[in-house]
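Everything below belongs to entry20.cif, which stores mmCIF, C-alpha atoms.
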```
data_my_file
loop_
_atom_site.group_PDB
_atom_site.id
_atom_site.type_symbol
_atom_site.label_atom_id
_atom_site.label_comp_id
_atom_site.auth_asym_id
_atom_site.auth_seq_id
_atom_site.Cartn_x
_atom_site.Cartn_y
_atom_site.Cartn_z
ATOM 1 C CA MET A 1 -89.539 -226.753 -72.555
ATOM 2 C CA LYS A 2 -88.700 -227.559 -76.144
ATOM 3 C CA THR A 3 -85.206 -228.931 -76.762
ATOM 4 C CA ARG A 4 -82.992 -227.332 -79.386
ATOM 5 C CA THR A 5 -81.872 -229.126 -82.521
ATOM 6 C CA ILE A 6 -78.212 -229.295 -83.484
ATOM 7 C CA GLU A 7 -77.016 -226.893 -86.188
ATOM 8 C CA THR A 8 -73.445 -228.188 -86.621
ATOM 9 C CA ILE A 9 -71.010 -230.667 -85.099
ATOM 10 C CA ALA A 10 -67.374 -229.682 -85.681
ATOM 11 C CA TYR A 11 -64.183 -231.593 -84.928
ATOM 12 C CA GLY A 12 -61.469 -229.933 -82.875
ATOM 13 C CA GLN A 13 -58.694 -229.985 -85.453
ATOM 14 C CA PRO A 14 -55.142 -230.509 -84.110
ATOM 15 C CA MET A 15 -52.990 -227.430 -84.746
ATOM 16 C CA ASP A 16 -49.605 -226.058 -83.781
ATOM 17 C CA MET A 17 -49.660 -222.590 -82.229
ATOM 18 C CA GLY A 18 -46.004 -221.629 -82.223
ATOM 19 C CA GLY A 19 -44.888 -224.963 -80.784
ATOM 20 C CA PHE A 20 -47.938 -225.217 -78.530
ATOM 21 C CA PRO A 21 -50.155 -228.154 -79.663
ATOM 22 C CA ILE A 22 -53.880 -227.443 -79.426
ATOM 23 C CA ARG A 23 -57.230 -228.507 -80.858
ATOM 24 C CA GLN A 24 -59.317 -225.787 -82.500
ATOM 25 C CA ALA A 25 -63.065 -226.378 -82.520
ATOM 26 C CA LEU A 26 -63.951 -222.746 -83.275
ATOM 27 C CA PRO A 27 -63.532 -221.282 -85.805
ATOM 28 C CA SER A 28 -63.959 -224.354 -87.995
ATOM 29 C CA ALA A 29 -64.764 -225.194 -91.592
ATOM 30 C CA LYS A 30 -68.424 -225.106 -90.544
ATOM 31 C CA ALA A 31 -68.492 -221.807 -88.608
ATOM 32 C CA ASP A 32 -66.322 -218.679 -88.424
ATOM 33 C CA MET A 33 -67.807 -217.714 -85.071
ATOM 34 C CA LEU A 34 -70.798 -218.300 -82.823
ATOM 35 C CA ASP A 35 -71.601 -214.746 -81.704
ATOM 36 C CA PRO A 36 -70.402 -213.747 -79.099
ATOM 37 C CA PHE A 37 -67.983 -216.725 -79.000
ATOM 38 C CA LEU A 38 -65.015 -216.255 -81.305
ATOM 39 C CA LEU A 39 -62.523 -219.053 -80.701
ATOM 40 C CA LEU A 40 -62.159 -222.288 -78.726
ATOM 41 C CA HIS A 41 -58.756 -223.908 -78.187
ATOM 42 C CA HIS A 42 -58.320 -227.133 -76.191
ATOM 43 C CA ALA A 43 -54.797 -227.952 -74.986
ATOM 44 C CA ASN A 44 -53.619 -231.076 -73.169
ATOM 45 C CA ILE A 45 -49.873 -230.781 -72.726
ATOM 46 C CA LYS A 46 -47.159 -232.647 -70.862
ATOM 47 C CA VAL A 47 -44.685 -230.112 -69.451
ATOM 48 C CA ALA A 48 -41.147 -231.411 -70.000
ATOM 49 C CA GLN A 49 -39.136 -232.027 -66.845
ATOM 50 C CA HIS A 50 -35.966 -230.457 -68.259
ATOM 51 C CA VAL A 51 -37.593 -227.145 -69.274
ATOM 52 C CA ASP A 52 -37.669 -224.195 -66.859
ATOM 53 C CA VAL A 53 -41.362 -223.392 -66.340
ATOM 54 C CA LYS A 54 -40.509 -219.708 -66.845
ATOM 55 C CA ASN A 55 -39.818 -220.600 -70.489
ATOM 56 C CA ALA A 56 -42.760 -223.013 -70.924
ATOM 57 C CA GLY A 57 -46.341 -222.250 -71.835
ATOM 58 C CA VAL A 58 -47.221 -219.039 -73.655
ATOM 59 C CA GLY A 59 -44.957 -216.006 -73.337
ATOM 60 C CA PRO A 60 -45.966 -212.315 -73.255
ATOM 61 C CA HIS A 61 -48.437 -211.278 -75.947
ATOM 62 C CA PRO A 62 -51.073 -208.512 -76.292
ATOM 63 C CA HIS A 63 -54.870 -208.508 -76.504
ATOM 64 C CA ARG A 64 -57.508 -205.845 -77.122
ATOM 65 C CA GLY A 65 -61.265 -205.858 -77.604
ATOM 66 C CA PHE A 66 -62.411 -209.205 -76.172
ATOM 67 C CA SER A 67 -62.187 -211.550 -73.179
ATOM 68 C CA PRO A 68 -59.737 -214.453 -73.338
ATOM 69 C CA VAL A 69 -61.071 -216.904 -70.738
ATOM 70 C CA THR A 70 -59.102 -219.948 -69.570
ATOM 71 C CA PHE A 71 -60.807 -222.972 -67.982
ATOM 72 C CA ILE A 72 -58.302 -225.214 -66.196
ATOM 73 C CA PHE A 73 -59.046 -228.943 -66.101
ATOM 74 C CA LYS A 74 -55.632 -230.307 -65.059
ATOM 75 C CA GLY A 75 -52.542 -228.717 -63.535
ATOM 76 C CA GLY A 76 -52.538 -224.948 -63.296
ATOM 77 C CA VAL A 77 -51.754 -221.675 -65.058
ATOM 78 C CA HIS A 78 -49.620 -218.793 -63.815
ATOM 79 C CA HIS A 79 -50.999 -215.562 -65.282
ATOM 80 C CA ARG A 80 -48.897 -212.391 -65.350
ATOM 81 C CA ASP A 81 -49.868 -209.152 -67.085
ATOM 82 C CA SER A 82 -48.807 -205.587 -67.765
ATOM 83 C CA ARG A 83 -51.353 -204.288 -65.237
ATOM 84 C CA GLY A 84 -49.352 -205.847 -62.389
ATOM 85 C CA ASN A 85 -51.412 -209.014 -61.895
ATOM 86 C CA SER A 86 -49.569 -212.228 -61.050
ATOM 87 C CA HIS A 87 -51.752 -215.144 -60.035
ATOM 88 C CA ILE A 88 -51.903 -218.946 -60.234
ATOM 89 C CA VAL A 89 -55.174 -220.799 -60.737
ATOM 90 C CA TYR A 90 -55.269 -224.573 -60.423
ATOM 91 C CA GLU A 91 -57.496 -227.437 -61.609
ATOM 92 C CA GLY A 92 -61.189 -226.588 -61.540
ATOM 93 C CA GLY A 93 -60.536 -222.846 -61.611
ATOM 94 C CA THR A 94 -60.998 -220.160 -64.247
ATOM 95 C CA GLN A 95 -59.030 -217.109 -65.359
ATOM 96 C CA TRP A 96 -61.364 -214.501 -66.865
ATOM 97 C CA MET A 97 -59.696 -211.459 -68.410
ATOM 98 C CA ASN A 98 -61.426 -208.520 -70.067
ATOM 99 C CA ALA A 99 -58.649 -207.231 -72.316
ATOM 100 C CA GLY A 100 -60.427 -203.917 -72.889
ATOM 101 C CA MET A 101 -58.197 -201.209 -74.381
ATOM 102 C CA GLY A 102 -55.184 -203.483 -74.248
ATOM 103 C CA VAL A 103 -53.062 -205.636 -72.001
ATOM 104 C CA ILE A 104 -49.987 -207.831 -72.363
ATOM 105 C CA HIS A 105 -50.069 -211.153 -70.520
ATOM 106 C CA SER A 106 -48.306 -214.508 -70.290
ATOM 107 C CA GLU A 107 -49.635 -217.939 -69.351
ATOM 108 C CA ARG A 108 -47.009 -220.257 -67.877
ATOM 109 C CA PRO A 109 -47.172 -223.534 -65.944
ATOM 110 C CA PRO A 110 -46.898 -223.020 -62.162
ATOM 111 C CA GLU A 111 -43.566 -223.883 -60.517
ATOM 112 C CA ASN A 112 -45.115 -226.959 -58.879
ATOM 113 C CA ILE A 113 -46.551 -228.379 -62.121
ATOM 114 C CA HIS A 114 -44.447 -231.569 -61.856
ATOM 115 C CA GLU A 115 -45.801 -232.225 -58.366
ATOM 116 C CA LEU A 116 -49.265 -232.091 -59.976
ATOM 117 C CA GLY A 117 -48.447 -234.711 -62.617
ATOM 118 C CA SER A 118 -46.717 -232.452 -65.207
ATOM 119 C CA THR A 119 -49.918 -232.118 -67.267
ATOM 120 C CA GLN A 120 -51.699 -228.921 -68.237
ATOM 121 C CA GLU A 121 -55.168 -229.365 -69.690
ATOM 122 C CA LEU A 122 -57.144 -226.236 -70.422
ATOM 123 C CA ILE A 123 -59.575 -224.576 -72.774
ATOM 124 C CA GLN A 124 -59.163 -220.991 -73.852
ATOM 125 C CA LEU A 125 -62.358 -219.385 -75.096
ATOM 126 C CA TRP A 126 -62.441 -215.945 -76.712
ATOM 127 C CA ILE A 127 -65.622 -213.998 -75.969
ATOM 128 C CA ASN A 128 -66.303 -210.805 -77.897
ATOM 129 C CA THR A 129 -66.705 -207.495 -76.081
ATOM 130 C CA PRO A 130 -69.434 -205.003 -77.105
ATOM 131 C CA ALA A 131 -68.223 -202.017 -79.127
ATOM 132 C CA ALA A 132 -69.135 -199.689 -76.248
ATOM 133 C CA ASN A 133 -66.713 -201.514 -73.910
ATOM 134 C CA LYS A 134 -63.775 -202.387 -76.145
ATOM 135 C CA MET A 135 -61.719 -199.459 -74.823
ATOM 136 C CA ASP A 136 -62.581 -199.969 -71.143
ATOM 137 C CA ALA A 137 -59.789 -200.484 -68.624
ATOM 138 C CA PRO A 138 -58.611 -204.134 -68.611
ATOM 139 C CA ALA A 139 -59.732 -206.408 -65.774
ATOM 140 C CA TYR A 140 -58.394 -209.766 -64.569
ATOM 141 C CA ILE A 141 -60.640 -212.061 -62.511
ATOM 142 C CA PRO A 142 -59.180 -215.308 -61.120
ATOM 143 C CA VAL A 143 -61.668 -217.815 -59.678
ATOM 144 C CA THR A 144 -60.679 -220.978 -57.815
ATOM 145 C CA LYS A 145 -62.477 -224.307 -57.872
ATOM 146 C CA GLU A 146 -63.538 -223.697 -54.272
ATOM 147 C CA ASP A 147 -65.117 -220.341 -55.178
ATOM 148 C CA THR A 148 -67.094 -221.742 -58.112
ATOM 149 C CA PRO A 149 -70.710 -222.765 -57.336
ATOM 150 C CA VAL A 150 -71.602 -226.369 -58.217
ATOM 151 C CA ILE A 151 -74.966 -227.985 -58.961
ATOM 152 C CA HIS A 152 -75.271 -231.711 -58.223
ATOM 153 C CA SER A 153 -78.015 -233.852 -59.728
ATOM 154 C CA THR A 154 -80.220 -235.786 -57.319
ATOM 155 C CA ASP A 155 -78.796 -239.113 -58.553
ATOM 156 C CA GLY A 156 -75.237 -237.901 -58.003
ATOM 157 C CA LEU A 157 -74.206 -238.638 -61.598
ATOM 158 C CA THR A 158 -73.943 -235.034 -62.816
ATOM 159 C CA SER A 159 -72.043 -232.070 -61.375
ATOM 160 C CA ILE A 160 -72.060 -228.680 -63.075
ATOM 161 C CA GLN A 161 -69.765 -225.786 -62.194
ATOM 162 C CA VAL A 162 -71.586 -222.498 -62.801
ATOM 163 C CA VAL A 163 -68.625 -220.351 -63.831
ATOM 164 C CA ALA A 164 -70.591 -217.422 -65.262
ATOM 165 C CA GLY A 165 -74.220 -216.437 -65.584
ATOM 166 C CA GLU A 166 -76.899 -218.592 -63.960
ATOM 167 C CA LEU A 167 -78.319 -222.114 -64.029
ATOM 168 C CA ASN A 168 -81.463 -223.211 -62.186
ATOM 169 C CA GLY A 169 -81.251 -220.250 -59.811
ATOM 170 C CA VAL A 170 -77.544 -220.713 -59.025
ATOM 171 C CA LYS A 171 -75.474 -217.677 -59.965
ATOM 172 C CA GLY A 172 -71.941 -218.112 -61.287
ATOM 173 C CA ALA A 173 -68.717 -216.779 -59.852
ATOM 174 C CA ILE A 174 -68.285 -214.349 -62.781
ATOM 175 C CA VAL A 175 -70.660 -211.577 -63.847
ATOM 176 C CA PRO A 176 -69.947 -211.139 -67.591
ATOM 177 C CA GLN A 177 -70.248 -207.864 -69.504
ATOM 178 C CA THR A 178 -73.157 -209.269 -71.519
ATOM 179 C CA PRO A 179 -75.663 -212.100 -70.884
ATOM 180 C CA ILE A 180 -73.467 -215.217 -70.967
ATOM 181 C CA ASN A 181 -73.623 -218.570 -69.185
ATOM 182 C CA MET A 182 -70.531 -220.782 -68.855
ATOM 183 C CA PHE A 183 -70.651 -224.273 -67.360
ATOM 184 C CA THR A 184 -68.110 -227.053 -66.897
ATOM 185 C CA ILE A 185 -69.894 -230.384 -66.660
ATOM 186 C CA HIS A 186 -68.795 -233.743 -65.270
ATOM 187 C CA ILE A 187 -71.374 -236.416 -66.053
ATOM 188 C CA LYS A 188 -70.953 -240.110 -65.275
ATOM 189 C CA LYS A 189 -72.112 -243.016 -67.430
ATOM 190 C CA GLY A 190 -75.900 -243.187 -67.450
ATOM 191 C CA GLY A 191 -76.327 -239.662 -66.151
ATOM 192 C CA THR A 192 -78.836 -237.370 -67.830
ATOM 193 C CA TYR A 193 -79.540 -233.668 -67.301
ATOM 194 C CA PHE A 194 -81.649 -230.971 -68.973
ATOM 195 C CA ILE A 195 -79.938 -227.578 -69.230
ATOM 196 C CA PRO A 196 -82.280 -224.621 -69.843
ATOM 197 C CA PHE A 197 -81.185 -221.261 -71.254
ATOM 198 C CA ALA A 198 -82.626 -218.205 -72.987
ATOM 199 C CA ALA A 199 -84.316 -218.763 -76.348
ATOM 200 C CA THR A 200 -82.338 -215.839 -77.816
ATOM 201 C CA HIS A 201 -78.896 -217.197 -76.898
ATOM 202 C CA ASN A 202 -76.430 -218.924 -79.173
ATOM 203 C CA ALA A 203 -75.130 -222.086 -77.504
ATOM 204 C CA PHE A 204 -72.452 -224.769 -77.802
ATOM 205 C CA ILE A 205 -71.183 -227.883 -76.037
ATOM 206 C CA TYR A 206 -67.583 -229.092 -76.408
ATOM 207 C CA ALA A 207 -66.622 -232.591 -75.226
ATOM 208 C CA LEU A 208 -63.161 -232.883 -73.666
ATOM 209 C CA GLU A 209 -63.620 -236.526 -72.709
ATOM 210 C CA GLY A 210 -66.149 -239.283 -73.156
ATOM 211 C CA ASN A 211 -69.232 -239.472 -75.338
ATOM 212 C CA ILE A 212 -72.693 -238.021 -74.790
ATOM 213 C CA SER A 213 -75.984 -238.038 -76.613
ATOM 214 C CA ILE A 214 -77.869 -234.789 -77.094
ATOM 215 C CA ASN A 215 -81.649 -234.939 -76.750
ATOM 216 C CA GLU A 216 -81.299 -238.755 -76.948
ATOM 217 C CA GLN A 217 -80.573 -238.406 -80.660
ATOM 218 C CA GLU A 218 -77.153 -237.165 -81.809
ATOM 219 C CA GLU A 219 -73.829 -238.369 -80.398
ATOM 220 C CA LEU A 220 -71.095 -235.954 -79.354
ATOM 221 C CA PRO A 221 -67.772 -237.768 -78.842
ATOM 222 C CA ALA A 222 -64.580 -236.313 -77.379
ATOM 223 C CA PHE A 223 -62.952 -233.411 -79.265
ATOM 224 C CA TYR A 224 -66.179 -232.407 -81.032
ATOM 225 C CA MET A 225 -68.251 -229.235 -80.560
ATOM 226 C CA ALA A 226 -72.005 -229.014 -81.124
ATOM 227 C CA SER A 227 -73.727 -225.704 -81.830
ATOM 228 C CA PHE A 228 -77.490 -225.331 -81.770
ATOM 229 C CA ASN A 229 -80.314 -223.808 -83.763
ATOM 230 C CA LYS A 230 -82.468 -221.191 -82.035
ATOM 231 C CA ASP A 231 -85.531 -223.412 -81.888
ATOM 232 C CA GLY A 232 -85.863 -224.240 -78.223
ATOM 233 C CA GLU A 233 -85.042 -223.339 -74.644
ATOM 234 C CA GLY A 234 -82.514 -225.947 -73.622
ATOM 235 C CA VAL A 235 -80.771 -229.229 -74.344
ATOM 236 C CA GLN A 236 -80.731 -232.621 -72.661
ATOM 237 C CA ILE A 237 -77.442 -234.453 -72.293
ATOM 238 C CA THR A 238 -77.002 -238.150 -71.516
ATOM 239 C CA ALA A 239 -73.624 -239.783 -70.931
ATOM 240 C CA ALA A 240 -72.763 -243.039 -72.701
ATOM 241 C CA VAL A 241 -69.518 -243.110 -70.683
ATOM 242 C CA ASP A 242 -68.000 -240.810 -68.048
ATOM 243 C CA SER A 243 -67.678 -237.429 -69.802
ATOM 244 C CA ILE A 244 -66.315 -233.917 -69.283
ATOM 245 C CA LEU A 245 -67.892 -230.993 -71.145
ATOM 246 C CA LEU A 246 -67.650 -227.235 -71.532
ATOM 247 C CA MET A 247 -70.926 -225.494 -72.340
ATOM 248 C CA GLY A 248 -71.517 -221.857 -73.211
ATOM 249 C CA THR A 249 -74.600 -219.826 -74.084
ATOM 250 C CA GLY A 250 -74.665 -216.133 -74.916
ATOM 251 C CA GLU A 251 -76.752 -213.278 -76.257
ATOM 252 C CA PRO A 252 -75.417 -212.337 -79.727
ATOM 253 C CA LEU A 253 -73.891 -208.866 -80.014
ATOM 254 C CA ASN A 254 -74.838 -208.558 -83.705
ATOM 255 C CA GLU A 255 -71.934 -206.176 -84.313
ATOM 256 C CA PRO A 256 -69.254 -206.121 -87.035
ATOM 257 C CA VAL A 257 -66.170 -208.183 -86.198
ATOM 258 C CA VAL A 258 -62.758 -207.340 -87.652
ATOM 259 C CA SER A 259 -59.887 -209.315 -86.171
ATOM 260 C CA HIS A 260 -56.239 -210.048 -86.740
ATOM 261 C CA GLY A 261 -54.047 -212.056 -84.410
ATOM 262 C CA PRO A 262 -54.602 -210.928 -80.813
ATOM 263 C CA PHE A 263 -56.949 -208.008 -81.530
ATOM 264 C CA VAL A 264 -60.732 -208.059 -82.129
ATOM 265 C CA MET A 265 -62.359 -204.759 -83.122
ATOM 266 C CA ASN A 266 -65.295 -203.461 -85.176
ATOM 267 C CA ASN A 267 -63.527 -201.965 -88.186
ATOM 268 C CA GLN A 268 -60.171 -201.922 -89.958
ATOM 269 C CA THR A 269 -59.180 -198.495 -88.634
ATOM 270 C CA GLN A 270 -59.589 -199.659 -85.031
ATOM 271 C CA LEU A 271 -57.512 -202.720 -85.827
ATOM 272 C CA LEU A 272 -54.656 -200.605 -87.203
ATOM 273 C CA GLU A 273 -54.883 -198.379 -84.127
ATOM 274 C CA ALA A 274 -54.517 -201.457 -81.914
ATOM 275 C CA PHE A 275 -51.286 -202.497 -83.643
ATOM 276 C CA ARG A 276 -50.006 -198.920 -83.434
ATOM 277 C CA ASP A 277 -50.823 -198.592 -79.747
ATOM 278 C CA TYR A 278 -49.152 -201.911 -78.973
ATOM 279 C CA GLN A 279 -45.996 -200.909 -80.840
ATOM 280 C CA MET A 280 -45.965 -197.545 -79.032
ATOM 281 C CA GLY A 281 -46.136 -199.287 -75.641
ATOM 282 C CA LYS A 282 -49.613 -198.051 -74.762
ATOM 283 C CA MET A 283 -50.635 -201.525 -73.598
ATOM 284 C CA GLY A 284 -47.916 -201.509 -70.991
ATOM 285 C CA VAL A 285 -44.852 -203.650 -70.427
ATOM 286 C CA LEU A 286 -44.667 -207.128 -68.950
ATOM 287 C CA ILE A 287 -41.415 -208.135 -67.287
ATOM 288 C CA GLU A 288 -41.758 -211.657 -65.947
ATOM 289 C CA GLU A 289 -40.056 -212.273 -62.606
#
```

The structure given in the file should be rewritten as C-alpha cells.
Amino acid sequence: MKTRTIETIAYGQPMDMGGFPIRQALPSAKADMLDPFLLLHHANIKVAQHVDVKNAGVGPHPHRGFSPVTFIFKGGVHHRDSRGNSHIVYEGGTQWMNAGMGVIHSERPPENIHELGSTQELIQLWINTPAANKMDAPAYIPVTKEDTPVIHSTDGLTSIQVVAGELNGVKGAIVPQTPINMFTIHIKKGGTYFIPFAATHNAFIYALEGNISINEQEELPAFYMASFNKDGEGVQITAAVDSILLMGTGEPLNEPVVSHGPFVMNNQTQLLEAFRDYQMGKMGVLIEE
C-alpha cells in the first residue's frame, strides 16, 4: 500500500486554560480543524499535595454537539456528570463521552492520585458529532486498560492499543458514531510498524514522548502533531528512541462547524440555543459529592 505524505507538522503550543497548563496541537496556526477532529489538548500535571483533589482538575462545565474523549497516560481521572455517572479511569484507560444534546461534567484527580505518583498525564480530543446526532441523549463510556485490545508486533518493540475502530482485524473497545480509528502507541527504539487505514480518512499522529520518523523521511519529535495528505492508505512509523504516540483517523463529516467555548453546532442559531438551554438548566445539574 502507498504511504501518505505529511501535510503539516504543528507544535503543541503551551497554554493556560484557567490555571490548567496544557499543550494545544489542534487547532494551530496551520490548521483550524482536521475534520472530524476539532481540538487536541495534552496535559502533564503534578497534583499539589496540599490541594484537596475535589478542588483540583477541571470543575463542572457543559458540552453539547461533540465527543470530548480523554486518553489517560499517567494517574487517573474521576469523571462525574449531570446524568448521574461517577467513574474513575486509570492509566491506559479512556473516557469517551458523547455530549449529545447537553451534559455538565467535571474531571478531577482520583483520591489516590498521590499514591500513583501525583502526576496526571492525559490527552483530551474533541471529535465532532454529525448534525443528525447532535441532539441525541448523552452517553458516557469508560474503558479500562484491561478492556482495551492490544496488538503486539512480532519483534516485541511495538504495542498498539486499539481504543476505537479497527486495526489489522482487531476491533477497538469503542464503537464510534462515525468511522473513526483511535490508537495509543508505545514503540521502542528501533521499532517500526506500518499502520493502514481508509484512503478517505483524515489522519494525525501526536507524539507525547520520544522521536519517530514517518515513512523513513520526516521526523516527529515530542509535542508535535503530524497531519497527512489523502494520497495513500497508511503510514510507517519508526522510533529513533522509545516513544509514545496518539494516532487518530476519521471519515470527514463535511458539515458546517460553528463553535464557541464548550458547544459545537452547525449554525449560529443552534449555538445560541445551546447557551440558552444551559442557562435554563436543561443540561441538568452536577453536584459533586

Self-check item: region 34-38 of chain A environment, 6 Å, all atoms listed in the file, sequence neighbours closer than 6 positions dropped, as a PyMOL selection string
Solution: chain A and resi 126-128+252

Exercise. Starting from the shown file, work through the PyMOL selection byres ((chain A and resi 151) around 9) and note down what comes out as a ChimeraX atom specification.
Key: /A:149-150,152-153,158-162,167-168,170

Quiz item: Which residues, written as a ChimeraX atom specification, have at least one atom at most 8 Å from region 192-208 of chain A, with all atoms listed in the file counted and residues fewer than 5 positions away on the same chain left out?
Solution: /A:34-36,42,153,157-158,167-168,187,220-239,243-252

Exercise. One decimal, Å: what's the distance from CA of Glu289 (chain A) over to CA of His78 (chain A), could you say?
Key: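 These two atoms are separated by 11.6 Å.
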
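If you measure from each of A:Asp136, A:Asp16, A:Glu209, A:Glu7 to Lys30 (chain A) using all atoms listed in the file, the closest one turns out to be A:Glu7.
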
Kindly provide the residues of region 55-82 of chain A that approach region 172-180 of chain A to within 12 Å, each paired with its closest atom pair and their distance in Å to one decimal, based on all atoms listed in the file, listed by chain and increasing number, as a tab-separated table.
```
residue	atom	partner	partner_atom	distance
A:Phe66	CA	A:Gln177	CA	10.4
A:Ser67	CA	A:Pro176	CA	9.6
A:Val69	CA	A:Ile174	CA	11.0
```

Practice problem: Determine, counting only C-alpha atoms, which protein, DNA and RNA residues have an atom within 10 Å of an atom of Phe263 (chain A); residues of the same chain fewer than 6 positions away are not included. Present the result as JSON, numbers by chain. | Solution: {"A": [62, 63, 64, 65, 66, 99, 101, 102, 270, 271, 272, 274, 275]}

Non-local contacts of Val53 (chain A) (12 Å; only C-alpha atoms; under 2 positions in same chain excluded) as a PDB file with C-alpha atoms, keeping the file's coordinate frame:
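Below you can see selection-v4.pdb, which holds the result:
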```pdb
ATOM      1  CA  LYS A  46     -47.159-232.647 -70.862  1.00  0.00           C
ATOM      2  CA  VAL A  47     -44.685-230.112 -69.451  1.00  0.00           C
ATOM      3  CA  ALA A  48     -41.147-231.411 -70.000  1.00  0.00           C
ATOM      4  CA  GLN A  49     -39.136-232.027 -66.845  1.00  0.00           C
ATOM      5  CA  HIS A  50     -35.966-230.457 -68.259  1.00  0.00           C
ATOM      6  CA  VAL A  51     -37.593-227.145 -69.274  1.00  0.00           C
ATOM      7  CA  ASN A  55     -39.818-220.600 -70.489  1.00  0.00           C
ATOM      8  CA  ALA A  56     -42.760-223.013 -70.924  1.00  0.00           C
ATOM      9  CA  GLY A  57     -46.341-222.250 -71.835  1.00  0.00           C
ATOM     10  CA  VAL A  58     -47.221-219.039 -73.655  1.00  0.00           C
ATOM     11  CA  GLY A  59     -44.957-216.006 -73.337  1.00  0.00           C
ATOM     12  CA  GLY A  76     -52.538-224.948 -63.296  1.00  0.00           C
ATOM     13  CA  VAL A  77     -51.754-221.675 -65.058  1.00  0.00           C
ATOM     14  CA  HIS A  78     -49.620-218.793 -63.815  1.00  0.00           C
ATOM     15  CA  SER A 106     -48.306-214.508 -70.290  1.00  0.00           C
ATOM     16  CA  GLU A 107     -49.635-217.939 -69.351  1.00  0.00           C
ATOM     17  CA  ARG A 108     -47.009-220.257 -67.877  1.00  0.00           C
ATOM     18  CA  PRO A 109     -47.172-223.534 -65.944  1.00  0.00           C
ATOM     19  CA  PRO A 110     -46.898-223.020 -62.162  1.00  0.00           C
ATOM     20  CA  GLU A 111     -43.566-223.883 -60.517  1.00  0.00           C
ATOM     21  CA  ASN A 112     -45.115-226.959 -58.879  1.00  0.00           C
ATOM     22  CA  ILE A 113     -46.551-228.379 -62.121  1.00  0.00           C
ATOM     23  CA  HIS A 114     -44.447-231.569 -61.856  1.00  0.00           C
ATOM     24  CA  SER A 118     -46.717-232.452 -65.207  1.00  0.00           C
ATOM     25  CA  GLN A 120     -51.699-228.921 -68.237  1.00  0.00           C
ATOM     26  CA  GLU A 288     -41.758-211.657 -65.947  1.00  0.00           C
ATOM     27  CA  GLU A 289     -40.056-212.273 -62.606  1.00  0.00           C
TER      28      GLU A 289
END
```

Can you fill out region 82-93 of chain A with N, CA, C and O atoms and hand it back as an mmCIF file, in the coordinates of the input?
```
data_model
loop_
_atom_site.group_PDB
_atom_site.id
_atom_site.type_symbol
_atom_site.label_atom_id
_atom_site.label_comp_id
_atom_site.auth_asym_id
_atom_site.auth_seq_id
_atom_site.Cartn_x
_atom_site.Cartn_y
_atom_site.Cartn_z
ATOM 1 N N SER A 82 -49.410 -206.915 -67.813
ATOM 2 C CA SER A 82 -48.807 -205.587 -67.765
ATOM 3 C C SER A 82 -49.559 -204.622 -66.862
ATOM 4 O O SER A 82 -49.154 -203.471 -66.704
ATOM 5 N N ARG A 83 -50.633 -205.094 -66.232
ATOM 6 C CA ARG A 83 -51.353 -204.288 -65.237
ATOM 7 C C ARG A 83 -50.896 -204.637 -63.822
ATOM 8 O O ARG A 83 -51.458 -204.140 -62.847
ATOM 9 N N GLY A 84 -49.901 -205.516 -63.700
ATOM 10 C CA GLY A 84 -49.352 -205.847 -62.389
ATOM 11 C C GLY A 84 -49.936 -207.090 -61.752
ATOM 12 O O GLY A 84 -49.580 -207.439 -60.626
ATOM 13 N N ASN A 85 -50.835 -207.789 -62.451
ATOM 14 C CA ASN A 85 -51.412 -209.014 -61.895
ATOM 15 C C ASN A 85 -50.443 -210.184 -62.042
ATOM 16 O O ASN A 85 -49.801 -210.345 -63.086
ATOM 17 N N SER A 86 -50.352 -210.990 -61.019
ATOM 18 C CA SER A 86 -49.569 -212.228 -61.050
ATOM 19 C C SER A 86 -50.298 -213.227 -60.159
ATOM 20 O O SER A 86 -50.361 -213.051 -58.941
ATOM 21 N N HIS A 87 -50.863 -214.258 -60.785
ATOM 22 C CA HIS A 87 -51.752 -215.144 -60.035
ATOM 23 C C HIS A 87 -51.744 -216.536 -60.645
ATOM 24 O O HIS A 87 -51.671 -216.690 -61.860
ATOM 25 N N ILE A 88 -51.822 -217.559 -59.781
ATOM 26 C CA ILE A 88 -51.903 -218.946 -60.234
ATOM 27 C C ILE A 88 -53.300 -219.487 -59.932
ATOM 28 O O ILE A 88 -53.803 -219.329 -58.819
ATOM 29 N N VAL A 89 -53.905 -220.115 -60.933
ATOM 30 C CA VAL A 89 -55.174 -220.799 -60.737
ATOM 31 C C VAL A 89 -54.977 -222.263 -61.102
ATOM 32 O O VAL A 89 -54.381 -222.584 -62.138
ATOM 33 N N TYR A 90 -55.477 -223.136 -60.241
ATOM 34 C CA TYR A 90 -55.269 -224.573 -60.423
ATOM 35 C C TYR A 90 -56.522 -225.266 -60.948
ATOM 36 O O TYR A 90 -57.539 -224.619 -61.226
ATOM 37 N N GLU A 91 -56.430 -226.593 -61.069
ATOM 38 C CA GLU A 91 -57.496 -227.437 -61.609
ATOM 39 C C GLU A 91 -58.871 -227.069 -61.039
ATOM 40 O O GLU A 91 -59.034 -226.895 -59.842
ATOM 41 N N GLY A 92 -59.832 -226.938 -61.948
ATOM 42 C CA GLY A 92 -61.189 -226.588 -61.540
ATOM 43 C C GLY A 92 -61.448 -225.105 -61.455
ATOM 44 O O GLY A 92 -62.582 -224.689 -61.220
ATOM 45 N N GLY A 93 -60.395 -224.297 -61.673
ATOM 46 C CA GLY A 93 -60.536 -222.846 -61.611
ATOM 47 C C GLY A 93 -60.617 -222.224 -62.998
ATOM 48 O O GLY A 93 -60.499 -222.896 -64.026
#
```
